[in-house]
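Colleague: Contents of final22.cif (mmCIF, C-alpha atoms) are given next:
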```
data_protein
#
loop_
_atom_site.label_atom_id
_atom_site.label_comp_id
_atom_site.auth_asym_id
_atom_site.auth_seq_id
_atom_site.Cartn_x
_atom_site.Cartn_y
_atom_site.Cartn_z
CA MET A 1 108.73 152.45 143.65
CA PRO A 2 110.00 148.92 144.33
CA THR A 3 107.36 146.26 144.62
CA GLU A 4 107.92 144.92 148.08
CA THR A 5 107.34 141.28 148.93
CA LYS A 6 107.69 140.51 152.57
CA ASP A 7 107.90 136.73 152.30
CA GLU A 8 111.56 136.63 151.27
CA SER A 9 114.64 137.84 153.06
CA ALA A 10 118.32 138.16 152.15
CA GLU A 11 119.48 135.69 154.78
CA PRO A 12 117.82 133.51 157.43
CA ALA A 13 116.16 135.69 160.03
CA SER A 14 118.03 136.04 163.29
CA LYS A 15 117.09 133.57 166.00
CA VAL A 16 117.38 136.34 168.56
CA GLU A 17 113.94 137.64 169.42
CA LEU A 18 113.74 141.37 168.93
CA PRO A 19 110.75 143.60 169.55
CA ASP A 20 109.30 145.11 166.36
CA SER A 21 110.16 148.58 167.55
CA VAL A 22 113.88 147.90 167.26
CA ALA A 23 115.18 149.23 163.97
CA GLY A 24 116.60 146.57 161.66
CA SER A 25 114.58 143.74 163.10
CA GLY A 26 112.28 143.67 160.07
CA GLU A 27 113.02 141.72 156.94
CA ILE A 28 114.79 143.49 154.12
CA PRO A 29 112.34 144.31 151.31
CA SER A 30 113.04 142.57 148.04
CA PHE A 31 112.06 143.55 144.50
CA ASP A 32 112.45 142.27 140.97
CA ILE A 33 114.58 144.25 138.58
CA THR A 34 115.61 143.97 134.96
CA LEU A 35 119.30 144.52 134.46
CA ARG A 36 119.97 145.54 130.85
CA VAL A 37 123.65 144.96 130.18
CA ARG A 38 125.50 146.21 127.10
CA ARG A 39 127.29 143.09 125.87
CA TYR A 40 130.27 143.00 123.53
CA LEU A 41 131.84 139.64 122.79
CA PRO A 42 134.35 140.20 119.99
CA GLU A 43 135.14 136.47 119.69
CA PHE A 44 131.55 135.72 118.70
CA TYR A 45 129.85 138.85 117.42
CA ASP A 46 131.08 141.96 115.67
CA GLU A 47 128.36 144.12 117.13
CA ALA A 48 127.50 145.05 120.68
CA TYR A 49 123.98 144.21 121.86
CA TRP A 50 121.70 144.48 124.91
CA ASP A 51 121.14 141.51 127.21
CA ASP A 52 118.31 141.52 129.78
CA PHE A 53 118.51 139.68 133.10
CA GLN A 54 115.60 139.40 135.58
CA VAL A 55 116.87 139.21 139.13
CA THR A 56 115.30 139.45 142.57
CA MET A 57 117.33 141.86 144.68
CA TYR A 58 117.08 143.36 148.14
CA GLY A 59 116.87 146.87 149.52
CA THR A 60 120.47 146.74 150.68
CA ASP A 61 121.86 145.66 147.29
CA ARG A 62 123.89 147.75 144.91
CA VAL A 63 124.19 147.52 141.12
CA LEU A 64 127.40 145.58 141.67
CA ASP A 65 125.49 142.94 143.67
CA ALA A 66 123.06 142.54 140.77
CA LEU A 67 125.99 142.10 138.37
CA HIS A 68 127.50 139.52 140.74
CA LYS A 69 124.23 137.65 140.89
CA VAL A 70 124.03 137.59 137.09
CA LYS A 71 127.63 136.48 136.68
CA TRP A 72 127.63 133.89 139.47
CA GLU A 73 124.18 132.39 138.98
CA MET A 74 122.95 133.14 135.45
CA ASP A 75 125.61 133.89 132.85
CA GLY A 76 129.28 133.46 133.75
CA SER A 77 130.40 135.15 130.54
CA VAL A 78 129.26 138.62 131.70
CA SER A 79 132.52 140.50 132.22
CA PHE A 80 133.26 143.55 134.36
CA ARG A 81 136.03 144.85 136.59
CA ARG A 82 135.74 145.20 140.31
CA SER A 83 138.18 144.83 143.13
CA CYS A 84 137.43 146.25 146.56
CA ALA A 85 133.68 146.62 145.92
CA HIS A 86 133.51 149.45 148.44
CA GLY A 87 134.11 152.62 146.45
CA VAL A 88 137.82 152.90 147.13
CA CYS A 89 139.72 151.12 144.35
CA GLY A 90 137.90 152.73 141.41
CA SER A 91 137.70 149.58 139.27
CA ASP A 92 133.98 149.40 138.56
CA ALA A 93 133.19 152.74 136.95
CA MET A 94 130.44 152.15 134.40
CA ARG A 95 127.51 153.94 132.80
CA ILE A 96 124.44 153.20 134.92
CA ASN A 97 121.14 154.54 133.55
CA GLY A 98 123.07 156.84 131.25
CA HIS A 99 125.58 158.43 133.60
CA ASN A 100 128.93 157.38 135.00
CA ARG A 101 128.85 155.89 138.47
CA LEU A 102 130.69 153.27 140.51
CA ALA A 103 128.55 150.11 140.48
CA CYS A 104 129.55 149.48 144.11
CA LYS A 105 128.17 152.84 145.26
CA VAL A 106 124.75 152.89 143.59
CA LEU A 107 121.94 151.32 145.62
CA LEU A 108 119.29 149.64 143.47
CA LYS A 109 116.52 151.10 145.63
CA ASP A 110 117.64 154.60 144.62
CA LEU A 111 117.03 153.79 140.95
CA ASN A 112 113.69 153.42 139.18
CA THR A 113 113.26 149.65 139.53
CA SER A 114 110.06 149.58 137.48
CA LYS A 115 112.14 150.19 134.35
CA PRO A 116 115.16 148.21 133.16
CA ILE A 117 118.41 149.43 134.68
CA THR A 118 120.90 149.96 131.87
CA VAL A 119 124.55 149.18 132.45
CA GLU A 120 127.11 150.11 129.78
CA PRO A 121 130.88 150.48 129.60
CA ILE A 122 132.26 154.00 130.09
CA LYS A 123 132.45 156.03 126.87
CA GLY A 124 135.46 157.19 124.91
CA LEU A 125 137.79 154.29 125.68
CA PRO A 126 138.04 151.17 123.46
CA VAL A 127 135.73 148.39 124.72
CA GLU A 128 137.54 145.08 125.14
CA LYS A 129 134.70 142.91 126.40
CA ASP A 130 131.26 143.74 127.85
CA LEU A 131 131.90 146.39 130.52
CA ILE A 132 135.70 146.19 130.35
CA VAL A 133 137.49 149.01 128.52
CA ASP A 134 141.14 149.54 127.66
CA MET A 135 142.31 152.07 130.28
CA GLU A 136 145.75 152.59 128.69
CA PRO A 137 144.95 155.92 126.92
CA PHE A 138 143.61 157.18 130.26
CA PHE A 139 146.76 156.21 132.18
CA GLN A 140 148.98 157.54 129.37
CA SER A 141 147.58 161.05 129.99
CA TYR A 142 147.96 160.52 133.73
CA ARG A 143 151.66 159.67 133.35
CA GLU A 144 152.28 162.70 131.13
CA ILE A 145 151.43 165.19 133.88
CA MET A 146 154.12 163.61 136.13
CA PRO A 147 151.97 162.60 139.10
CA PHE A 148 154.76 162.47 141.66
CA LEU A 149 156.50 164.92 144.00
CA MET A 150 159.45 166.71 142.43
CA ASN A 151 161.74 168.66 144.71
CA GLU A 152 165.45 168.93 143.98
CA SER A 153 166.39 170.58 147.27
CA ALA A 154 168.09 168.48 149.92
CA PRO A 155 165.51 166.61 151.98
CA PRO A 156 165.19 168.00 155.50
CA SER A 157 166.12 165.69 158.35
CA LYS A 158 162.50 165.16 159.42
CA GLU A 159 159.80 166.17 156.95
CA ARG A 160 158.88 168.89 154.46
CA LEU A 161 156.65 171.16 156.51
CA GLN A 162 153.45 172.61 155.17
CA SER A 163 150.85 174.84 156.80
CA ALA A 164 147.22 173.81 157.06
CA GLU A 165 146.32 176.60 154.60
CA GLU A 166 148.88 175.37 152.07
CA ARG A 167 147.51 171.84 152.40
CA GLU A 168 143.94 173.08 151.96
CA ARG A 169 144.66 174.42 148.46
CA PHE A 170 144.89 170.95 146.93
CA ASP A 171 142.93 168.93 149.49
CA ASP A 172 140.01 168.27 147.13
CA THR A 173 142.16 166.82 144.34
CA THR A 174 143.98 164.36 146.62
CA LYS A 175 140.79 162.28 146.75
CA CYS A 176 141.06 160.96 143.17
CA ILE A 177 140.96 157.15 142.80
CA LEU A 178 141.59 157.09 139.01
CA CYS A 179 138.32 155.36 138.17
CA ALA A 180 138.00 157.32 134.88
CA ALA A 181 134.35 158.22 135.56
CA CYS A 182 135.14 161.90 134.96
CA THR A 183 137.30 161.55 131.85
CA SER A 184 134.83 159.18 130.18
CA SER A 185 131.90 161.52 130.96
CA CYS A 186 133.52 164.38 129.04
CA PRO A 187 131.97 165.13 125.60
CA VAL A 188 135.30 166.57 124.47
CA PHE A 189 137.15 163.36 125.38
CA TRP A 190 134.61 161.19 123.50
CA THR A 191 135.42 162.89 120.22
CA ASP A 192 139.04 163.87 120.87
CA GLY A 193 140.97 161.08 122.56
CA GLN A 194 144.09 163.26 122.59
CA TYR A 195 142.58 165.57 125.22
CA PHE A 196 144.26 165.02 128.58
CA GLY A 197 140.88 164.68 130.25
CA PRO A 198 139.65 165.77 133.68
CA ALA A 199 141.41 163.04 135.71
CA ALA A 200 144.89 163.94 134.44
CA ILE A 201 144.24 167.65 135.10
CA VAL A 202 142.91 166.89 138.60
CA ASN A 203 146.09 164.96 139.42
CA ALA A 204 148.25 167.72 137.96
CA HIS A 205 146.32 170.19 140.16
CA ARG A 206 147.18 168.05 143.18
CA PHE A 207 150.92 168.69 142.63
CA ILE A 208 150.80 172.14 140.99
CA PHE A 209 149.24 173.61 144.15
CA ASP A 210 151.39 171.61 146.57
CA SER A 211 153.84 174.02 148.26
CA ARG A 212 156.40 171.19 148.64
CA ASP A 213 156.55 170.55 144.89
CA ASP A 214 158.87 172.53 142.60
CA ALA A 215 157.72 171.34 139.17
CA GLY A 216 154.44 173.26 138.98
CA ASP A 217 155.69 175.32 136.03
CA MET A 218 156.62 172.18 134.09
CA ARG A 219 153.15 170.74 134.58
CA LEU A 220 151.48 174.02 133.63
CA GLU A 221 153.58 173.97 130.44
CA VAL A 222 152.36 170.44 129.66
CA LEU A 223 148.74 171.47 130.19
CA ASN A 224 149.07 174.80 128.32
CA ASP A 225 148.53 172.84 125.13
CA LYS A 226 145.92 172.59 122.40
CA GLU A 227 144.94 169.27 123.96
CA GLY A 228 145.43 170.55 127.51
CA VAL A 229 143.15 172.52 129.83
CA TRP A 230 141.92 174.78 127.01
CA ARG A 231 139.92 171.88 125.54
CA CYS A 232 137.68 171.99 128.62
CA ARG A 233 134.21 173.28 127.69
CA THR A 234 132.89 173.38 131.28
CA THR A 235 130.00 170.94 130.76
CA PHE A 236 130.31 169.86 134.43
CA ASN A 237 129.69 166.21 133.48
CA CYS A 238 132.95 165.34 135.27
CA THR A 239 131.92 167.05 138.51
CA ASP A 240 128.60 165.20 138.44
CA ALA A 241 130.26 161.85 137.67
CA CYS A 242 133.03 161.93 140.30
CA PRO A 243 132.27 159.27 142.95
CA ARG A 244 134.54 161.06 145.40
CA GLY A 245 132.75 164.39 145.06
CA ILE A 246 135.79 166.22 143.70
CA GLN A 247 134.88 169.62 142.23
CA VAL A 248 136.60 168.63 138.98
CA THR A 249 135.55 171.56 136.80
CA LYS A 250 136.59 173.98 139.54
CA ALA A 251 140.03 172.34 139.72
CA ILE A 252 140.41 172.64 135.94
CA SER A 253 139.43 176.33 136.15
CA GLU A 254 142.07 176.90 138.81
CA VAL A 255 144.70 175.34 136.55
CA LYS A 256 143.53 177.56 133.66
CA GLN A 257 143.92 180.64 135.83
CA ALA A 258 147.32 179.48 137.11
CA ILE A 259 148.53 179.15 133.51
CA LEU A 260 147.40 182.69 132.71
CA SER A 261 148.78 184.30 135.87
CA ARG A 262 151.74 181.92 136.37
CA LYS A 263 151.19 182.36 140.06
CA VAL A 264 150.98 179.02 141.78
CA MET B 1 136.61 148.25 119.50
CA SER B 2 132.88 147.88 118.95
CA LYS B 3 131.67 149.15 115.59
CA THR B 4 128.21 149.92 116.93
CA PRO B 5 127.90 153.35 118.45
CA ALA B 6 127.70 153.26 122.23
CA GLY B 7 124.23 152.46 123.53
CA THR B 8 122.32 155.27 125.17
CA LEU B 9 122.69 159.03 125.14
CA TYR B 10 124.85 160.27 128.02
CA ARG B 11 122.51 161.74 130.61
CA GLY B 12 124.43 164.83 131.52
CA ARG B 13 122.81 167.67 133.38
CA GLU B 14 122.38 171.44 132.82
CA GLY B 15 126.05 171.95 132.01
CA GLN B 16 126.02 169.42 129.18
CA TRP B 17 122.82 170.78 127.62
CA SER B 18 123.92 174.40 127.85
CA TRP B 19 127.07 173.31 126.01
CA VAL B 20 124.96 171.58 123.32
CA GLY B 21 122.84 174.74 123.00
CA HIS B 22 125.95 176.88 122.75
CA ARG B 23 127.36 174.67 119.96
CA ILE B 24 124.12 174.61 117.95
CA THR B 25 123.52 178.37 118.22
CA GLY B 26 127.18 178.93 117.33
CA VAL B 27 126.83 176.92 114.09
CA VAL B 28 123.54 178.69 113.25
CA ILE B 29 125.20 182.10 113.71
CA PHE B 30 128.17 181.00 111.61
CA PHE B 31 125.94 180.08 108.67
CA PHE B 32 124.05 183.37 108.98
CA LEU B 33 127.32 185.32 108.92
CA LEU B 34 128.44 183.38 105.84
CA VAL B 35 125.27 184.31 103.93
CA HIS B 36 125.34 187.82 105.38
CA VAL B 37 128.88 188.51 104.14
CA LEU B 38 127.90 187.19 100.69
CA ASP B 39 124.70 189.23 100.32
CA THR B 40 126.30 192.39 101.69
CA SER B 41 129.26 192.07 99.34
CA LEU B 42 126.78 192.03 96.43
CA VAL B 43 126.58 195.81 96.79
CA ARG B 44 130.10 195.89 95.32
CA VAL B 45 128.84 193.92 92.30
CA SER B 46 125.83 196.10 91.63
CA PRO B 47 123.43 197.97 93.94
CA GLU B 48 120.51 196.59 91.90
CA ALA B 49 121.53 192.97 92.58
CA TYR B 50 121.90 193.85 96.26
CA ASN B 51 118.45 195.41 96.39
CA ALA B 52 116.91 192.40 94.61
CA VAL B 53 118.43 189.95 97.10
CA ILE B 54 117.58 192.00 100.18
CA GLY B 55 114.04 192.49 98.80
CA ALA B 56 113.68 188.71 98.57
CA TYR B 57 114.18 188.52 102.35
CA LYS B 58 111.01 190.53 102.99
CA ASN B 59 108.60 187.67 103.52
CA PRO B 60 107.15 186.02 106.64
CA ILE B 61 109.37 182.92 106.40
CA MET B 62 112.52 185.00 106.47
CA GLY B 63 110.95 187.10 109.23
CA LEU B 64 110.53 184.02 111.38
CA GLY B 65 114.09 183.02 110.47
CA GLU B 66 115.24 186.41 111.76
CA ALA B 67 113.39 185.78 115.02
CA GLY B 68 115.19 182.41 115.31
CA LEU B 69 118.49 184.08 114.53
CA VAL B 70 117.99 186.70 117.23
CA ALA B 71 117.04 183.93 119.69
CA ALA B 72 120.26 182.06 118.83
CA ILE B 73 122.45 185.16 119.10
CA LEU B 74 120.91 186.19 122.44
CA PHE B 75 121.45 182.72 123.95
CA HIS B 76 124.99 182.49 122.59
CA ALA B 77 125.84 185.94 123.93
CA PHE B 78 124.43 185.51 127.44
CA ASN B 79 125.69 181.95 127.82
CA GLY B 80 129.08 183.12 126.58
CA ILE B 81 129.25 185.56 129.48
CA ARG B 82 128.32 182.67 131.80
CA ILE B 83 131.16 180.53 130.41
CA ILE B 84 133.65 183.39 130.89
CA LEU B 85 132.48 183.69 134.51
CA VAL B 86 132.78 179.92 135.05
CA ASP B 87 136.37 180.07 133.83
CA PHE B 88 137.54 183.30 135.40
CA TRP B 89 135.33 184.14 138.36
CA LYS B 90 136.48 182.34 141.49
CA LYS B 91 132.97 181.28 142.43
CA GLY B 92 131.87 180.61 138.84
CA PRO B 93 132.01 176.79 138.95
CA GLN B 94 130.05 176.81 142.20
CA PHE B 95 127.19 178.87 140.79
CA HIS B 96 127.20 177.65 137.17
CA ARG B 97 123.69 176.21 137.46
CA GLN B 98 122.16 179.36 138.98
CA MET B 99 123.93 181.41 136.31
CA LEU B 100 122.31 179.25 133.62
CA TRP B 101 118.84 179.99 135.02
CA ILE B 102 119.70 183.71 135.01
CA VAL B 103 120.90 183.40 131.40
CA LEU B 104 117.66 181.70 130.38
CA ALA B 105 115.54 184.29 132.22
CA VAL B 106 117.36 187.24 130.63
CA TRP B 107 117.18 185.45 127.27
CA ALA B 108 113.41 184.97 127.58
CA ILE B 109 112.83 188.59 128.60
CA THR B 110 114.96 190.15 125.83
CA LEU B 111 113.53 187.78 123.24
CA THR B 112 109.97 188.62 124.27
CA VAL B 113 110.67 192.34 124.00
CA PHE B 114 112.24 191.81 120.58
CA LEU B 115 109.35 189.68 119.31
CA ILE B 116 106.78 192.25 120.43
CA ARG B 117 108.64 194.80 118.28
CA HIS B 118 109.55 192.42 115.43
CA LEU B 119 106.53 190.22 114.71
CA PRO B 120 104.12 193.10 113.81
CA ASN B 121 106.72 194.20 111.24
CA VAL B 122 106.86 190.69 109.76
CA PHE B 123 103.12 190.12 109.55
CA GLY B 124 101.98 193.75 109.45
CA GLY B 125 102.79 193.98 105.77
CA HIS B 126 104.14 197.44 105.07
#
```
For this file, produce the structure as structure tokens.
Modeller:
Amino acid sequence: MPTETKDESAEPASKVELPDSVAGSGEIPSFDITLRVRRYLPEFYDEAYWDDFQVTMYGTDRVLDALHKVKWEMDGSVSFRRSCAHGVCGSDAMRINGHNRLACKVLLKDLNTSKPITVEPIKGLPVEKDLIVDMEPFFQSYREIMPFLMNESAPPSKERLQSAEERERFDDTTKCILCAACTSSCPVFWTDGQYFGPAAIVNAHRFIFDSRDDAGDMRLEVLNDKEGVWRCRTTFNCTDACPRGIQVTKAISEVKQAILSRKV
Amino acid sequence: MSKTPAGTLYRGREGQWSWVGHRITGVVIFFFLLVHVLDTSLVRVSPEAYNAVIGAYKNPIMGLGEAGLVAAILFHAFNGIRIILVDFWKKGPQFHRQMLWIVLAVWAITLTVFLIRHLPNVFGGH
């Protein structure tokens, strides 16, 4: 449990007098945490190492806020990616306390703040600096499954119609933000970088099961490979890691079955 | 790329550990089969050599090894059925965790029944 100290608050208290009964009128509890960051500075050291930072954070803060505090106020050399900071862009996937999460979606108060909070780069991709990894192998697999609509027929004058049921078949896999949390949580991908990985299969699923797309067979052929869907060992790490709640392993299973039955 | 292996162990959940268990039991069974094919093929060399080798297995350490082998085979078999269901049953991915608990329960029951039958043979000395 966080050690609460009531004498500090995140920002000056409002000058508007509110009765205590009104929710939100109280001060935000603060607590001290240790952020244990996996550092890798190839210009200076050959080896990666752990760096501890003590920071006072508030009940409304996320892991990303702690990283910001460290970078802006303590050590400017700490490097990580982030863009929107609101769980939409998918830039700040990292390994927090051992499993892949978006730093902007994990509240510190939901973690065990009595122990150091470990932050590491995602696994299986080459680390460039600190928490930044080279995403190119990840995007290479993504490009190979042709993540775009292919339909050779003449476009209708208005739009390509689709029923609600047809849309429902691939609704789950449209949510992907390409953060790589799933692919870099996969034990198969860690040891076999050639494996397409969950994210590429999820995005293939999104078009394979789209009634407006005509290239489903081509994509199934790409994934019916030694390094394709058959590498999946159903560990469900990807489903657990997905910040958008996509049922990744289920999507991969559906692609497996589509390859066997060739019925899309 | 960093030469040091990545920091902590990935904290996956039931799915990851059932996969680790499946791998380990698979390797154990493979090594048993390797030895088993060799000792059984000795009967082609000479029945006496075969009897001598098989006789050497009749001690408590090998008996406990047999118990471990049966435990590995039972887990690998039941979890294998679970993996097939995850891949080919429509609701498999949804119920993979519940299926793992069923696998472990069935594994514990069958192993207990086997041990009740097997351990007196190992330590009974006949």
Colleague: With 6 Å as the limit and counting only C-alpha atoms, what residues in chain A lie close to chain B? Please list them as a count of residues only.
Modeller: 10
Colleague: With distances taken over all atoms listed in the file, which of B:Val45, B:Val53, B:Leu104, B:Val122 is nearest to B:Ala77?
Modeller: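 Ranking B:Val45, B:Val53, B:Leu104, B:Val122 by distance to B:Ala77, first place goes to B:Leu104.
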Colleague: Tell me which protein, DNA and RNA residues are within 10 Å of B:Asn79, counting only C-alpha atoms, leaving out same-chain ones fewer than 6 positions away, and put them as a CSV table (one decimal) with C-alpha atoms, keeping the file's coordinate frame.
Modeller:
```
chain,number,residue,atom,x,y,z
B,18,SER,CA,123.9,174.4,127.8
B,19,TRP,CA,127.1,173.3,126.0
B,21,GLY,CA,122.8,174.7,123.0
B,22,HIS,CA,126.0,176.9,122.8
B,73,ILE,CA,122.4,185.2,119.1
B,85,LEU,CA,132.5,183.7,134.5
B,99,MET,CA,123.9,181.4,136.3
B,100,LEU,CA,122.3,179.2,133.6
B,102,ILE,CA,119.7,183.7,135.0
B,103,VAL,CA,120.9,183.4,131.4
B,104,LEU,CA,117.7,181.7,130.4
B,107,TRP,CA,117.2,185.4,127.3
```
Colleague: From the options A:Leu111, A:Lys129, A:Ala93, A:Leu149, which residue's atoms come nearest to A:Tyr49, counting only C-alpha atoms?
Modeller: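 Once distances to A:Tyr49 are computed over only C-alpha atoms, the minimum belongs to A:Lys129.
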Colleague: What's the separation between atom CA of B:Phe32 and atom CA of B:Gly80, in Å to one decimal place?
Modeller: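 Value for the atom CA of B:Phe32-atom CA of B:Gly80 distance: 18.3 Å.
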Colleague: Would you kindly return, as a list in words, each protein, DNA or RNA residue with an atom no farther than 7 Å from any atom of A:Asp52, considering all atoms listed in the file and excluding same-chain residues fewer than 2 positions away?
Modeller: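 Final neighbour list, sorted by chain and number: Thr34, Leu35, Arg36, Val37, Trp50 and Gln54 of chain A.
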